[in-house]
Amino acid sequence: MTAMSWIIAGLFLPLFPLGMVFNVLFQRVRNAWLRSILLLVWPFVGLGVLQLMPVNVSAEITAWALFSAALYGFRAVVVRDIGVWIGFLATSSWSLIWIALAGGINPDQMAMQVLAFSLPLVLLVLVTAELQQRYESAYAGIVSGIAQGQPRLSAIFVISLLAAIGSPVFPSFFVMLSSITNIIIVLPAAAFGVAVVWLLWSWSGMQLLQELLVGPASAIKHSDITPSVTTTYTLSLVALLVGGLYLSGTIL
Amino acid sequence: MSLEIGLKAQIRSMVFVAGEPIPNFWPMRAFIHHNPLHGLEKLSFEDAVAEGQRLFHGNGYLPRSMYQRYYREDKIASVALSDGIKNFLSQHRPVEGIDLHTWLMKLLTEFEAPIFTQDNSATAADIGAVLRRETVSATQYIDQEALADRLCNTLLNERPVYETMDLLFGTGIGEELDELVIKSCLDFFDEGQSVWQMPEREQGFFTAWREVAQRNARLFLRGRQIRDTLAVDSDPEGVIVHVMECLEIRQSDWMQYFRHELSRLHGWAGFIRWRSNARHYHHGRHFPGDLVDFLAIRLTLALALIRERGQDGIPHNAGQLGEFIRQHPTEAWLRQEFYDRTILPAWAQRVEKTLLAGDCDRIEQTGLMYLQEKKSREATTRANSLQELAERSNARQILEDMSDKVLSQLIRLIQELERREGMIWLEAMEATAMKQLLQGIRTSAPAANGKRPFAQALFCIDTRSERLRRHLESVGDYQTFGIAGFFGVPVSFMELGKGNETHLCPVLLTPKNLVMEMSVNNVQDTVALSAMEKVVHELKESVLTPFVTVEAIGLLFGFDMVGKTLAPRAYNRWRSRLHQHKPHTHLLIDKLSRDQADSIVRAVQRAVIAKAVEHEFEVAPEHIKDGLIRELREAAMGHISSVPLLQEQLKLDADPARAFIERLRTVYRINPANARMQMERLGRIGFSLDEQVVFVSQALHAIGLTDNFSRFILVVGHGSQSENNPYESALDCGACGGNLGLYNARIFAHMANKPAVRQRLLEQGIAIPDDAWFVPAMHNTTTDEVAMHDLDLLPSSHPVYLDRLQSGLLSACRLCTQERIPSLDFISDTPSPVDANKQALRNAMDWSQVRPEWGLSRNVYFIIGRRFLTETHSLDGRAFLHSYDYRVDKKLRLLENILTGPLVVGQWINMEHYFSTVDNEHYGSGSKVYHNVAGRFGVMTGNLSDLRTGLPAQTVLAGGLPYHEPMRLITVIEAPFAQVMTALDRVAVVRRLLHNGWIRMLVIDPVTNTIHTYSGGEWHEQPAASTADKVNYEEEIAS
């Protein structure tokens, strides 16, 4: 594998500091649909490179990937803008693909793993856009008390965020679980590191929820999402749940 | 460092003055309704509300949308609102070419929210430009000096240093400091909730805390050096001075600074303030603590946190912060916008990045752009609102042609109206309520029929009595009276089995007399279940045992939970059978003679000595002879020096015998000093005959019951019944200090039934016939049941009539519940009396019920006068009804007493409900669902918060909207106007309340048949409405 291939792979399956490129780009792009496309396409470019030029992931790369995931995960803890947070969570989660590779994952399953990370984030981008449409921004703390003002939107937002941070029984939960179980024998320290990254996601996610859902509501009254839009999002979440169960092997 | 006495006294007096606006907080065991702005009552209502907003951040009025809802429901009459606006306009210059009255009416009734907020980035010229469809002028530069002045004014003046740091640098000190202070308070003030107590609490709050804090590893590890501060002085005053000097606060600002510090946790500060002044309070006497201690602890911790954060290069005292603002006003402003969360949401991310980058030029540039954006948006929003207002007022074109000067005048006028609109709405709402009351009230007395009623009943003035009184009067020949629920008898009461005294009277009074409850049954063993409950309770409270307890007996609690939740009535009935019932008791009401008191002391001493011999020498009770006890008592009291019987019977040598006598003196307190003290205490027990005559005579005169006594005169105290409710006491009788009113009823009835008292009353012209009997009763306000007590004392001639009386009470109870339940629990619009009664019983026993009853919610009227005034008019449980007959009050003493006591308590209750409704988060206590009991004297929200004062949301709100209609107490007095004026002149506190607008007042003069209303600082006279007027008004409302 050439140096350029490494750089391209490290850019699209982000390794520090190359992950900054995605984050800068993601922050610049404000359109929700473009952001969604970015989230879906970006890691697949990296996967494509790896499939074209298969690599043996060394212990150093594993450690670097884990460090990158932890770093972006930790960065997400101090971020309050949900758009920015999604970017950091994406880079943190995609870095873990390298760990999965080190655990000897079947390349056919790679795409499923990437989708398991990206799809909840896409949903979250769309829900966040609903929030931005009403409040001009989705900056937790500046925007607060949405549970009171927009209960339907809040419920969808909470579940989408839980899906994104790998809560049971969403797809990313099973991906994280399999990452840990696959490497716990060969690289127990790495398995512990993955668990810590997972914890960082939860910590950052809960902080956002806390600041966004409760607290003083906006003096200006904003509308909630309509029941039909709620249904659409609910169906998407159900689809994610089914996907999660599929990944777990419960349904085939 | 040790401060001079003068400076110490100065600090103490500053803290005393600083704490004045902080409302007292009483322990919730006896919840006292109070005005959260009681300390500001010297100000007018409007000014006090503004000051309350500044200190406690609480709103003093409902939002406009809520008043608009009342307006639509005719609870605010259009004409009353219009009058308010006219009055407002009369104080301002007219705006050329505009029908201001129409504009302002439209603004208040059709715009859901104020159109001019406090932001003032956009000028009239900017708004005018938008109205003329021109571009808002670009901001070329920021006037740094003006901005710095404004920021210094808002960020530094009187504001604690850490608050400024939090606002400028997001340091989060305030929140952390509050947490640390609350933990310290919980440790010290705990009243038995914790298993491990804080050491050395007897030394006082500051000293005990100081000892612990110096060893607090957590504070030390996080670099919070509090030892240096504590080493400065051992007294709290010295520490306070040191911290204030370190923070570079000017001495002239100290008092205001202290006030802000105290108001941040005003629940805790209010509790400590009350506690330090409550001389009778057991915990306060043993573990002293006051606001000076509290402030010293707070400032010590604050300084530690400020210094810790200051290590990051953040300015950390008033001088440094002032310098920072002067040098970087734009940055300070952007920081304030960002950390105060007032920034435009779309700019949050950008401003955060800019501030993090720290580039001065970029900050200036971003600040300028942000200001321009804010100005444009504000101008556009305001212009659009004004345009809409003009259109709705049919004056569309006028704004476009308006000069900036006139526009500026219009904007100022609207801003002023929106600043004062709460008061305008409130006055309009009160005017409507007054008018509605006057339409229903009867101003002329019906002719007396002279017939003796079957029964008379004295009820508490509590609003919940109004319904029951009305229904009782409707079911038969009953006559009812209203009197403060302690029946004019202030008493300190010691309940059977309790070691402490409870004051059964309004908190304004301090009772002199003590009444004890004595069992007349044999002493019973504690039943097995009670013992088991005690064991389980101790297991739960211990530090380690809960882990085991859950595993071992957790399932039992599950059974209890299922029973309480699914079938509360049946389960509680079954469970109550397992408990030991309270034995039949008598009250020690009559004063003891010296011989009687001496005899009691001797009897107690003998009993203690018998127990001591039994325990110390393991002698069976039957072997302890009277002679031995007598000898031991004499020896312990120092009357004899040898104890031959003791030595002989217990085969003791001289030394052990002397040692035992010494133990009797010291451990068992059988000594002359203690005997004297017991004699003094016994001297407090009971009332002398003179006192009894005074109390009974005064009460009967006050309510005008001086003749035509019935066979039964019920004396009805009240209390509530609920499960799992820390606020239960708030539903009990306020006139009895937040306790049950039954004991006062029993005491009063006992006095009034006493022949010697009646004989003396006869001399005063009150002839109570021999067949008239006062029967104490208890009104359970949750279920509306009325249970009569002390029926064993009833004369033999009366039981034959009991059935009829009980039947009347039952009917009234059911009708009352039927009327009340639909507003409480939706079971049906028109539930049957039986169903309503069942629901009420369930509410009383259901542990998951957060609203067992509405309590005093919706109170608005306080009516002092004869019953005929409102006899035919349903007041819907909204009125305090105090019976008063001006004809028997020639000297006006009775009216003065009513104004001084019951009316003031009524005003406290009213204000508590008012403020808890208009801002439940700040003046109320939020939702009960999140409450946790703190230290057994208060509640907190979650596991750590300020003590929640005020009423919970479930008491005053329904579905998030006010159930209580917040208005100031409308007091109605039926008496000649001149007499009322004389009485008011004599009662300064009520006069001040009236003149400062804390209560509203109407006087119905039965002599001249006129009504006098106090409004706008003067009395307005009008003739009492005729029947025809009332019909017209009802038609007007209907249309």
# chains A, B, ... in the order shown; residues from 1 in each chain; ligands from 1

call {"tool": "select_by_dssp", "arguments": {"residues": "region 508-720 of chain B", "states": "alpha helix (DSSP H)", "output": "PyMOL selection string"}}
result
chain B and resi 528-541+545-566+568-578+594-617+626-636+644-650+654-666+672-684+689-703

call {"tool": "closest_atom_pairs", "arguments": {"of": "chain A", "to": "chain B", "cutoff": "12 Å", "atoms": "only C-alpha atoms", "output": "CSV"}}
result
residue,atom,partner,partner_atom,distance
A:Gln27,CA,B:Gln349,CA,10.4
A:Arg28,CA,B:Arg350,CA,11.9
A:Arg30,CA,B:Ala346,CA,11.9
A:Val79,CA,B:Gln349,CA,9.7
A:Arg80,CA,B:Gln349,CA,8.4
A:Asp81,CA,B:Gln349,CA,6.8
A:Ile82,CA,B:Gln349,CA,10.3
A:Gly83,CA,B:Gln349,CA,10.2
A:Val84,CA,B:Gln349,CA,9.3
A:Trp85,CA,B:Gln349,CA,11.7
A:Leu131,CA,B:Pro345,CA,11.3
A:Gln132,CA,B:Ala346,CA,8.7
A:Gln133,CA,B:Ala346,CA,10.6
A:Arg134,CA,B:Pro345,CA,10.5
A:Tyr135,CA,B:Pro345,CA,6.9
A:Glu136,CA,B:Ala346,CA,5.2
A:Ser137,CA,B:Ala346,CA,5.0
A:Ala138,CA,B:Pro345,CA,7.6
A:Tyr139,CA,B:Pro345,CA,6.8
A:Ala140,CA,B:Pro345,CA,9.5
A:Gly141,CA,B:Arg341,CA,7.1
A:Ile142,CA,B:Arg341,CA,5.1
A:Val143,CA,B:Pro345,CA,7.0
A:Ser144,CA,B:Arg341,CA,9.8
A:Gln148,CA,B:Gly960,CA,10.7
A:Glu211,CA,B:Arg341,CA,11.7
A:Gly215,CA,B:Glu921,CA,11.3
A:Pro216,CA,B:Arg341,CA,10.5
A:Ala217,CA,B:Arg341,CA,11.9
A:Ser218,CA,B:Thr342,CA,10.6
A:Ala219,CA,B:Ala113,CA,8.6
A:Ile220,CA,B:Ala113,CA,8.7
A:Lys221,CA,B:Ala113,CA,10.0

call {"tool": "closest_residue", "arguments": {"among": "A:Ala195, A:Val21, A:Val229, A:Met4", "to": "Ala69 (chain A)", "atoms": "only C-alpha atoms"}}
result
A:Ala195

call {"tool": "residues_around", "arguments": {"residues": "region 7-11 of chain B", "least_positions_apart": "5", "cutoff": "10 Å", "atoms": "only C-alpha atoms", "output": "PyMOL selection string"}}
result
chain B and resi 2+16-17+235-238+240-241+254-255+258+292

call {"tool": "write_last_selection", "arguments": {"atoms": "C-alpha atoms", "output": "PDB file, in the first residue's frame"}}
result
ATOM      1  CA  SER B   2      -9.145  39.854  65.472  1.00  0.00           C
ATOM      2  CA  PHE B  16     -29.148  41.839  59.593  1.00  0.00           C
ATOM      3  CA  VAL B  17     -30.271  44.607  57.247  1.00  0.00           C
ATOM      4  CA  ASP B 235     -14.874  34.504  64.127  1.00  0.00           C
ATOM      5  CA  PRO B 236     -17.159  34.665  61.100  1.00  0.00           C
ATOM      6  CA  GLU B 237     -17.110  38.468  61.075  1.00  0.00           C
ATOM      7  CA  GLY B 238     -13.331  38.530  60.645  1.00  0.00           C
ATOM      8  CA  ILE B 240     -16.211  38.142  56.078  1.00  0.00           C
ATOM      9  CA  VAL B 241     -14.085  41.289  56.275  1.00  0.00           C
ATOM     10  CA  TRP B 254     -20.950  45.557  51.333  1.00  0.00           C
ATOM     11  CA  MET B 255     -24.542  45.536  52.515  1.00  0.00           C
ATOM     12  CA  PHE B 258     -24.362  40.579  51.279  1.00  0.00           C
ATOM     13  CA  VAL B 292     -23.462  35.771  59.708  1.00  0.00           C
TER      14      VAL B 292
END

call {"tool": "atom_distance", "arguments": {"atom1": "CA of Val475 (chain B)", "atom2": "CA of Pro799 (chain B)"}}
result
20.3 Å

call {"tool": "decode", "arguments": {"residues": "region 578-607 of chain B", "atoms": "C-alpha atoms", "output": "PDB file, in the first residue's frame"}}
result
ATOM      1  CA  LEU B 578     -52.709  -3.618  62.536  1.00  0.00           C
ATOM      2  CA  HIS B 579     -51.706  -0.356  64.148  1.00  0.00           C
ATOM      3  CA  GLN B 580     -52.157   0.630  67.723  1.00  0.00           C
ATOM      4  CA  HIS B 581     -54.954   3.196  67.901  1.00  0.00           C
ATOM      5  CA  LYS B 582     -54.567   6.333  69.901  1.00  0.00           C
ATOM      6  CA  PRO B 583     -56.155   5.833  73.326  1.00  0.00           C
ATOM      7  CA  HIS B 584     -59.014   7.951  74.565  1.00  0.00           C
ATOM      8  CA  THR B 585     -57.588  11.145  76.036  1.00  0.00           C
ATOM      9  CA  HIS B 586     -58.450  14.104  78.213  1.00  0.00           C
ATOM     10  CA  LEU B 587     -56.824  17.496  78.106  1.00  0.00           C
ATOM     11  CA  LEU B 588     -55.356  19.252  81.129  1.00  0.00           C
ATOM     12  CA  ILE B 589     -57.067  22.581  80.569  1.00  0.00           C
ATOM     13  CA  ASP B 590     -57.690  23.934  84.058  1.00  0.00           C
ATOM     14  CA  LYS B 591     -54.926  25.614  85.997  1.00  0.00           C
ATOM     15  CA  LEU B 592     -53.327  23.469  88.705  1.00  0.00           C
ATOM     16  CA  SER B 593     -53.220  24.670  92.292  1.00  0.00           C
ATOM     17  CA  ARG B 594     -49.844  24.703  94.045  1.00  0.00           C
ATOM     18  CA  ASP B 595     -50.763  21.586  96.010  1.00  0.00           C
ATOM     19  CA  GLN B 596     -51.848  19.789  92.876  1.00  0.00           C
ATOM     20  CA  ALA B 597     -48.625  20.720  91.103  1.00  0.00           C
ATOM     21  CA  ASP B 598     -46.561  19.614  94.097  1.00  0.00           C
ATOM     22  CA  SER B 599     -48.414  16.339  94.197  1.00  0.00           C
ATOM     23  CA  ILE B 600     -47.739  15.740  90.491  1.00  0.00           C
ATOM     24  CA  VAL B 601     -44.022  16.431  90.923  1.00  0.00           C
ATOM     25  CA  ARG B 602     -43.863  14.004  93.828  1.00  0.00           C
ATOM     26  CA  ALA B 603     -45.747  11.343  91.838  1.00  0.00           C
ATOM     27  CA  VAL B 604     -43.390  11.693  88.897  1.00  0.00           C
ATOM     28  CA  GLN B 605     -40.355  11.533  91.174  1.00  0.00           C
ATOM     29  CA  ARG B 606     -41.661   8.378  92.846  1.00  0.00           C
ATOM     30  CA  ALA B 607     -42.273   6.723  89.476  1.00  0.00           C
TER      31      ALA B 607
END
